Each structure stands twice: as C-alpha cells, then as structure tokens.
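**Student:** Below you will find the structure I want to go over with you.
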Amino acid sequence: MKHFTKFTLWISLLVCIALPHGVAGSVDDAQSFALQAAEPYVKEGFQVREDYWGGDLGAGEKKAVRQQLFKGNEYWFWLGTEVERAKVSVHIYDSEGKLAEQQDSWEKGHFAAAHVIPKATSSYFIIVAVEESPEERTHWALVYGFR
Amino acid sequence: MIAFSKTLKITASVFLGATLCVHATQAPQRIDVGKMSKNVENVVVPLPNEIFGALNKLGSVNWREYVRTEKSSNFKERPRIALLLGTVIADGFVAVQAEDAPAVKEIGQRVLNLSKAIGVGNSITPHAKAITEAADKRKWEEVRQELDRTQSSVQAAMNEVHDEKLSQLVSLGGWLRGTQVLTSVVTKHFSADGAELLHQPDLLVHFQTQLQGMPEYNLPIVREIQDALGQVKPLVDVGSSRISADSVRKINDITTKLDNGIVIKQ
C-alpha cells in the first residue's frame with residue numbers, strides 16, 4: 001500500500017497499451033476512474049492533487065488514510081476501482097472518530113465520493129471500503145481536491 | 001487501458017451519480033480511531049498552496065512581501081539539494097499567490113537546475129517549460145497545477161531509482177518553507193484561526209519518523225531539522241486549546257533559522 005503520482009499512472013497506461021487484452025487491471029486503472037469522478041468538480045474550482053493513494057482490498061475490507069485538513073478549505077475525496085461490478089464506499093471521520101462528512105457525499109457502484117468542510121484544522125481519517133466485488137482482490141485509488 | 005467509449009460511459013455514470021445526489025449508505029456515526037490506526041496509510045504531505053488558500057480566506061495577504069528569487073548556494077550533497085528543491089518549489093507557490101510572473105519563471109528555471117543537479121532533470125524539463133508558458137499568459141491556476149506536477153514528477157523519478165528518502169526530503173523542504181511563510185503572515189496579523197492552521201502534530205510525527213530512518217544522511221542541517229521538529233511539536237500539539245501568538249512567533253524563528261540553513265551554505 002502506498003501513494004502514487006500521475007507520472008506512474010501514465011507509465012502504467014503505456015504498458016497497458018502494449019499488453020494483450022485480458023490482463024488484470026491495476027491501481028493505476030483504478031486511479032483513472034477516481035479522476036473521472038473528480039472531473040466535474042474541477043470545473044467548480046477544486047484543485048485535484050497529483051498524489052493519490054491506492055492498493056487492493058478484498059470484499060468487506062476497509063483501509064484508513066490519515067490526512068491533514070485545513071479549516072477554511074473545502075475538500076472532496078473521490079474513490080474509484082476498475083472492477084465495474086464492485087461497490088465501494090468512502091467516509092470521513094475527525095481525529096476523535098466522529099463522522100465529519102457532508103450530506104452530499106455519494107456512492108455509485110464502483111465510484112464513491114465524500115465531501116468535508118473541516119470544522120477544525122487537524123488530522124482526519126478517510127475510510128475506504130470495498131463493500132462488494134466479484135473479484136478476490138479489488139484495486140482502489142483515492143484522489144482528493146480542495147478549494 | 002480505457003477505451004474512449006468506456007470513458008464516456010464512466011463520465012456519464014459519474015455525472016448521474018453526482019446529479020442524482022446518490023446518498024452514501026449509512027456510515028457509522030463513530031469509529032474506534034485506536035483500532036483504525038493500525039491499518040493506516042502514509043499521509044500525503046499538503047502542498048504549501050493548500051495552506052496558503054486557507055490563509056487567504058482569513059483576510060488579504062500581501063504575498064509580494066514573501067516572494068523570494070535570490071539565488072541560493074550550490075550544494076554537492078544530494079540530501080541538501082533535495083531539501084532546497086522542496087523549498088524552491090514552495091517559493092514557486094508563493095510567487096503564484098503574488099501573481100509575480102518574472103519570479104515564477106525564475107523559480108521554474110531554478111527548479112530545473114536543481115533537478116538536473118540531483119539527476120532527475122529529464123522528467124522536469126517539460127514542466128519547467130509549461131510553468132514559463134503559463135506564467136507568461138498569467139494563467140495562475142495552470143502554474144499551480146504545473147508546480148504540483150513538478151513536485152510529483154521529481155518524487156516519482158526519485159522513487160523509481162529507490163531514492164525514496166530524497167523524495168521525502170523534498171516534501172519536508174517544501175513544508176518547512178510553507179510553515180515559515182505561514183508563521184510570518186500570522187505573526188504580522190495574528191488571528192486564532194490563522195494560528196490554528198499550524199495544528200499539524202501528526203505531520204510533525206510523520207517527518208520525525210522519516211528523519212529517524214535516514215541515519216546515512218548525517219549532515220548538520222538534517223540534525224538541526226530533527227531537533228527543530230522536536231521543539232515545534234509541543235507548540236502545535238495543543239489538543240483543543242488555541243495556539244498562542246507567542247508560539248507562532250517561536251515557530252517562525254525556528255523555521256526561519258532552518259530555512260537559512262537550507263538555502264545558505266554553512
């Protein structure tokens with residue numbers, strides 16, 4: 001598990017082009033889906049960070065990402081996977097473990113997004129989960145943006 | 001690879017998801033943070049512009065006061081170059097805040113020179129060009145994005161040749177310069193909300209842990225940063241209390257001294 005950059009994504013996409021069909025996806029594929037989820041928000045003035053987190057999880061498994069957020073900014077976190085029949089979720093908790101996200105956070109199959117307007121400058125936990133998946137392991141990627 | 005038709009399908013489904021406001025499944029109102037912390041990813045270090053953006057919302061800042069374009073010393077030690085590179089990229093974000101095109105262009109060139117000096121120049125050349133072009137057109141959002149890409153590309157190139165520790169020093173250099181500028185602004189016009197932006201104890205622990213894993217970088221500046229992080233932590237790790245004006249001033253003194261150490265040959 002690690003965080004990645006878009007540079008590694010492009011390298012991986014080039015490798016994918018060269019590989020025959022049927023080769024399993026990757027975290028970088030998942031990242032391209034997370035970025036797709038972010039796209040409409042860029043038009044609303046959100047700056048999407050180049051760095052992102054990714055890995056793979058089994059169905060029902062969760063992972064926590066700790067992130068420093070600043071009061072005054074507004075954040076969206078977008079989660080995606082290339083496994084189209086998977087269902088994923090993302091939720092945000094404050095440092096005390098209290099749910100901190102806005103009501104307009106959403107989930108839609110292999111995409112999910114969580115919206116937070118921090119009440120305090122502090123560390124927050126972003127919990128990503130693969131709720132359901134036909135695959136044994138499901139790649140995920142999480143990107144974030146702020147304005 | 002994602003085919004174009006697939007991309008359209010994804011965009012459509014994302015748009016549908018967003019416009020229909022598909023609400024998230026009921027998430028627990030509380031989680032046990034202690035249990036989760038065993039399964040936590042590394043933090044992504046915030047870029048200076050993330051903090052500057054929050055600071056801007058508290059009142060107008062005369063960013064031109066904080067623009068810096070003076071040439072720094074030339075270093076041979078790669079850890080020192082990495083720290084300086086992070087600092088110069090942070091200077092780039094300051095220059096963008098100030099909308100100072102000549103400074104942005106000069107900083108872009110310095111980033112390229114430092115990247116070459118550390119052996120990752122090839123991956124930075126297109127970014128340096130894009131920074132110059134966007135600055136000429138005064139497209140500040142593009143410059144910001146390109147600076148983010150520059151830092152990511154530098155770090156990706158370092159990671160690829162297993163120089164992860166140098167990559168961490170780039171982030172640390174940027175964070176230190178960002179913190180120095182933040183504390184300068186807040187010292188000048190103190191507000192509790194401005195001081196609260198310093199409430200980053202977990203990031204300090206993150207940097208301390210990384211530095212502890214670099215015994216091979218036994219340089220005076222690295223040791224000074226380690227000591228300084230130890231001094232800063234109690235000043236910002238205040239729980240739900242407020243960070244005082246005196247603490248902000250102390251952190252500014254500490255980070256200014258470190259910044260001099262990073263930029264000027266000792």
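Simple scheme: letters A, B, ... for chains in structure tokens order, numbers from 1 for residues in each chain, numbers from 1 for ligands in the order shown.
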As a PyMOL selection string, please: the residues near segment 174-186 of chain B (cut-off 7 Å, only C-alpha atoms, same-chain neighbours under 2 positions excluded).
**Tutor:** chain B and resi 48+66+86-87+89-90+170-172+188-191+194-195+248-249+251-252+255-256+259
**Student:** Residues within 12 Å of Leu229 of chain B, please, as a PyMOL selection string. Count only C-alpha atoms; anything in the same chain fewer than 4 positions from it doesn't count.
**Tutor:** chain B and resi 172+175-176+179+200-212+222-225+233-237+251+254-255+258
**Student:** From the set A:Asp28, A:Glu96, A:Glu82, A:Glu135, which residue has the shortest atom-to-atom contact distance to Gly109 of chain A, counting only C-alpha atoms?
**Tutor:** A:Glu82
**Student:** Can you pull out every residue from segment 6-145 of chain A that DSSP, working from the backbone, puts in strand (DSSP E), and format the result as a ChimeraX atom specification?
**Tutor:** /A:47-48,52-57,62-69,75-80,87-93,106-108,111-116,122-132,138-145
**Student:** Please identify all polymer residues within 12 Å of Arg85 of chain A, counting only C-alpha atoms, omitting same-chain residues fewer than 6 positions from it, and present them as number ranges by chain.
**Tutor:** A: 59, 108-111, 130-135, 138
**Student:** Those residues with C-alpha atoms, as a PDB file, in the first residue's frame please?
**Tutor:**
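As written to disk, part.pdb reads:
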ATOM      1  CA  ALA A  59     -14.771  -7.623  -0.393  1.00  0.00           C
ATOM      2  CA  LYS A 108     -22.488   4.899  -7.144  1.00  0.00           C
ATOM      3  CA  GLY A 109     -21.266   1.350  -7.800  1.00  0.00           C
ATOM      4  CA  HIS A 110     -17.542   1.442  -8.408  1.00  0.00           C
ATOM      5  CA  PHE A 111     -17.321   5.157  -7.603  1.00  0.00           C
ATOM      6  CA  VAL A 130     -14.777  -2.428  -0.947  1.00  0.00           C
ATOM      7  CA  GLU A 131     -18.339  -3.329   0.065  1.00  0.00           C
ATOM      8  CA  GLU A 132     -18.946  -5.927  -2.647  1.00  0.00           C
ATOM      9  CA  SER A 133     -16.882  -7.324  -5.500  1.00  0.00           C
ATOM     10  CA  PRO A 134     -16.832 -10.337  -7.824  1.00  0.00           C
ATOM     11  CA  GLU A 135     -13.017 -10.295  -7.605  1.00  0.00           C
ATOM     12  CA  THR A 138     -10.151  -5.246  -5.887  1.00  0.00           C
TER      13      THR A 138
END
**Student:** Set the distance at 8 Å and use only C-alpha atoms: which residues neighbour Ser122 of chain A once local chain neighbours fewer than 6 positions away are removed? I'd like the list as a PyMOL selection string.
**Tutor:** (chain A and resi 68-70+94-95) or (chain B and resi 199-200)
**Student:** Which one is closest to chain A: B:Leu114, B:Ile264, B:Ala192, B:Val67? Count only C-alpha atoms.
**Tutor:**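 Checking each candidate against chain A, we get B:Ala192 as the closest.
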**Student:** With distances taken over only C-alpha atoms, which residue among A:Glu101, A:His115, A:Val143, A:Lys71 lies nearest chain B?
**Tutor:** A:Lys71
**Student:** Which of segment 4-141 of chain A counts as helix (DSSP H, G or I) under DSSP, as an MDAnalysis selection string please?
**Tutor:** chainID A and resid 6:18 27:42
**Student:** For the residues in that selection, give me N, CA and C atoms as a PDB file, in the first residue's frame.
**Tutor:**
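Contents of the output file selection.pdb:
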ATOM      1  N   LYS A   6       0.610  10.830 -10.694  1.00  0.00           N
ATOM      2  CA  LYS A   6       0.067  10.649 -12.033  1.00  0.00           C
ATOM      3  C   LYS A   6       1.163  10.217 -13.014  1.00  0.00           C
ATOM      4  N   PHE A   7       2.423  10.566 -12.708  1.00  0.00           N
ATOM      5  CA  PHE A   7       3.529  10.170 -13.589  1.00  0.00           C
ATOM      6  C   PHE A   7       3.560   8.645 -13.720  1.00  0.00           C
ATOM      7  N   THR A   8       3.468   7.939 -12.585  1.00  0.00           N
ATOM      8  CA  THR A   8       3.499   6.481 -12.620  1.00  0.00           C
ATOM      9  C   THR A   8       2.264   5.951 -13.330  1.00  0.00           C
ATOM     10  N   LEU A   9       1.146   6.692 -13.215  1.00  0.00           N
ATOM     11  CA  LEU A   9      -0.078   6.276 -13.904  1.00  0.00           C
ATOM     12  C   LEU A   9       0.160   6.237 -15.405  1.00  0.00           C
ATOM     13  N   TRP A  10       0.755   7.306 -15.937  1.00  0.00           N
ATOM     14  CA  TRP A  10       0.951   7.362 -17.389  1.00  0.00           C
ATOM     15  C   TRP A  10       1.894   6.273 -17.878  1.00  0.00           C
ATOM     16  N   ILE A  11       2.933   6.014 -17.100  1.00  0.00           N
ATOM     17  CA  ILE A  11       3.850   4.931 -17.473  1.00  0.00           C
ATOM     18  C   ILE A  11       3.064   3.626 -17.543  1.00  0.00           C
ATOM     19  N   SER A  12       2.236   3.377 -16.521  1.00  0.00           N
ATOM     20  CA  SER A  12       1.478   2.132 -16.452  1.00  0.00           C
ATOM     21  C   SER A  12       0.463   2.032 -17.581  1.00  0.00           C
ATOM     22  N   LEU A  13      -0.148   3.165 -17.925  1.00  0.00           N
ATOM     23  CA  LEU A  13      -1.116   3.135 -19.027  1.00  0.00           C
ATOM     24  C   LEU A  13      -0.418   2.769 -20.339  1.00  0.00           C
ATOM     25  N   LEU A  14       0.798   3.289 -20.526  1.00  0.00           N
ATOM     26  CA  LEU A  14       1.551   2.946 -21.729  1.00  0.00           C
ATOM     27  C   LEU A  14       1.853   1.458 -21.763  1.00  0.00           C
ATOM     28  N   VAL A  15       2.202   0.903 -20.600  1.00  0.00           N
ATOM     29  CA  VAL A  15       2.473  -0.534 -20.508  1.00  0.00           C
ATOM     30  C   VAL A  15       1.202  -1.307 -20.841  1.00  0.00           C
ATOM     31  N   CYS A  16       0.036  -0.830 -20.315  1.00  0.00           N
ATOM     32  CA  CYS A  16      -1.242  -1.494 -20.552  1.00  0.00           C
ATOM     33  C   CYS A  16      -1.555  -1.562 -22.046  1.00  0.00           C
ATOM     34  N   ILE A  17      -1.202  -0.482 -22.775  1.00  0.00           N
ATOM     35  CA  ILE A  17      -1.495  -0.446 -24.212  1.00  0.00           C
ATOM     36  C   ILE A  17      -0.722  -1.573 -24.905  1.00  0.00           C
ATOM     37  N   ALA A  18       0.491  -1.783 -24.419  1.00  0.00           N
ATOM     38  CA  ALA A  18       1.346  -2.776 -25.048  1.00  0.00           C
ATOM     39  C   ALA A  18       0.960  -4.206 -24.680  1.00  0.00           C
ATOM     40  N   VAL A  27      -3.808  -0.639  -9.906  1.00  0.00           N
ATOM     41  CA  VAL A  27      -4.148   0.535  -9.102  1.00  0.00           C
ATOM     42  C   VAL A  27      -4.227   1.768 -10.001  1.00  0.00           C
ATOM     43  N   ASP A  28      -3.364   1.802 -11.005  1.00  0.00           N
ATOM     44  CA  ASP A  28      -3.372   2.959 -11.900  1.00  0.00           C
ATOM     45  C   ASP A  28      -4.662   3.028 -12.712  1.00  0.00           C
ATOM     46  N   ASP A  29      -5.210   1.852 -13.076  1.00  0.00           N
ATOM     47  CA  ASP A  29      -6.524   1.852 -13.746  1.00  0.00           C
ATOM     48  C   ASP A  29      -7.567   2.415 -12.788  1.00  0.00           C
ATOM     49  N   ALA A  30      -7.501   1.948 -11.536  1.00  0.00           N
ATOM     50  CA  ALA A  30      -8.448   2.439 -10.524  1.00  0.00           C
ATOM     51  C   ALA A  30      -8.327   3.957 -10.389  1.00  0.00           C
ATOM     52  N   GLN A  31      -7.087   4.447 -10.482  1.00  0.00           N
ATOM     53  CA  GLN A  31      -6.883   5.889 -10.324  1.00  0.00           C
ATOM     54  C   GLN A  31      -7.530   6.678 -11.449  1.00  0.00           C
ATOM     55  N   SER A  32      -7.513   6.091 -12.667  1.00  0.00           N
ATOM     56  CA  SER A  32      -8.134   6.828 -13.772  1.00  0.00           C
ATOM     57  C   SER A  32      -9.638   6.943 -13.535  1.00  0.00           C
ATOM     58  N   PHE A  33     -10.238   5.948 -12.875  1.00  0.00           N
ATOM     59  CA  PHE A  33     -11.667   6.025 -12.543  1.00  0.00           C
ATOM     60  C   PHE A  33     -11.916   7.054 -11.434  1.00  0.00           C
ATOM     61  N   ALA A  34     -11.023   7.090 -10.460  1.00  0.00           N
ATOM     62  CA  ALA A  34     -11.165   8.096  -9.387  1.00  0.00           C
ATOM     63  C   ALA A  34     -11.081   9.510  -9.974  1.00  0.00           C
ATOM     64  N   LEU A  35     -10.165   9.681 -10.941  1.00  0.00           N
ATOM     65  CA  LEU A  35     -10.029  11.002 -11.570  1.00  0.00           C
ATOM     66  C   LEU A  35     -11.259  11.357 -12.398  1.00  0.00           C
ATOM     67  N   GLN A  36     -11.870  10.315 -12.996  1.00  0.00           N
ATOM     68  CA  GLN A  36     -13.124  10.566 -13.733  1.00  0.00           C
ATOM     69  C   GLN A  36     -14.191  11.112 -12.798  1.00  0.00           C
ATOM     70  N   ALA A  37     -14.231  10.539 -11.605  1.00  0.00           N
ATOM     71  CA  ALA A  37     -15.212  11.001 -10.619  1.00  0.00           C
ATOM     72  C   ALA A  37     -14.936  12.448 -10.215  1.00  0.00           C
ATOM     73  N   ALA A  38     -13.658  12.824 -10.241  1.00  0.00           N
ATOM     74  CA  ALA A  38     -13.269  14.177  -9.807  1.00  0.00           C
ATOM     75  C   ALA A  38     -13.559  15.230 -10.873  1.00  0.00           C
ATOM     76  N   GLU A  39     -13.607  14.787 -12.129  1.00  0.00           N
ATOM     77  CA  GLU A  39     -13.663  15.724 -13.255  1.00  0.00           C
ATOM     78  C   GLU A  39     -14.727  16.825 -13.141  1.00  0.00           C
ATOM     79  N   PRO A  40     -15.977  16.485 -12.828  1.00  0.00           N
ATOM     80  CA  PRO A  40     -16.986  17.563 -12.770  1.00  0.00           C
ATOM     81  C   PRO A  40     -16.669  18.627 -11.715  1.00  0.00           C
ATOM     82  N   TYR A  41     -15.938  18.246 -10.695  1.00  0.00           N
ATOM     83  CA  TYR A  41     -15.670  19.170  -9.591  1.00  0.00           C
ATOM     84  C   TYR A  41     -14.546  20.150  -9.927  1.00  0.00           C
ATOM     85  N   VAL A  42     -13.670  19.740 -10.863  1.00  0.00           N
ATOM     86  CA  VAL A  42     -12.584  20.632 -11.285  1.00  0.00           C
ATOM     87  C   VAL A  42     -13.193  21.901 -11.875  1.00  0.00           C
TER      88      VAL A  42
END
**Student:** What does the distance from atom CA of Lys63 of chain A to atom CA of Val48 of chain A come to in Å, to one decimal?
**Tutor:**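 Interatomic distance here is 21.2 Å.
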**Student:** Check the smallest atom-to-atom distance from each of A:Phe46, A:Trp76, A:Trp106, A:Tyr52 to chain B using only C-alpha atoms, then report the winner.
**Tutor:**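 Of A:Phe46, A:Trp76, A:Trp106, A:Tyr52, the one nearest chain B, counting only C-alpha atoms, is A:Trp106.
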**Student:** Between atom CA of Lys105 of chain B and atom CA of Arg78 of chain B, measure the distance and give it in Å to one decimal.
**Tutor:**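 Taking atom CA of Lys105 of chain B as the start and atom CA of Arg78 of chain B as the end point, the length is 23.9 Å.
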**Student:** Excluding Ala114 of chain A and residues on its chain fewer than 6 positions from it, collect all residues at most 6 Å away from it, counting only C-alpha atoms, and give them as a list of chain:residue names.
**Tutor:**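 Non-adjacent residues within range: A:Trp76, A:Phe77, A:His91, A:Ser105.
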**Student:** Just the selected residues (N, CA and C atoms), exported as a JSON list (two decimals), in the first residue's frame, please.
**Tutor:**
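See selection.json below for the written result:
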[["chain", "number", "residue", "atom", "x", "y", "z"],
["A", 76, "TRP", "N", -13.05, 17.43, -1.35],
["A", 76, "TRP", "CA", -13.74, 16.23, -1.84],
["A", 76, "TRP", "C", -12.70, 15.12, -1.97],
["A", 77, "PHE", "N", -13.08, 13.93, -1.57],
["A", 77, "PHE", "CA", -12.25, 12.73, -1.78],
["A", 77, "PHE", "C", -13.01, 11.82, -2.73],
["A", 91, "HIS", "N", -15.72, 7.31, 3.52],
["A", 91, "HIS", "CA", -16.30, 8.16, 4.57],
["A", 91, "HIS", "C", -15.18, 8.87, 5.32],
["A", 105, "SER", "N", -22.24, 13.72, 0.19],
["A", 105, "SER", "CA", -21.31, 12.64, -0.15],
["A", 105, "SER", "C", -22.12, 11.54, -0.84]]
**Student:** If we count only C-alpha atoms, what is near Leu99 of chain A at a cut-off of 10 Å, once residues fewer than 6 positions away on the same chain are taken out, given as a list in words?
**Tutor:** His91, Ile92, Tyr93, Val116, Tyr124, Phe125 and Ile126 of chain A; Ala27, Pro28, Gln29, Arg30 and Ile31 of chain B
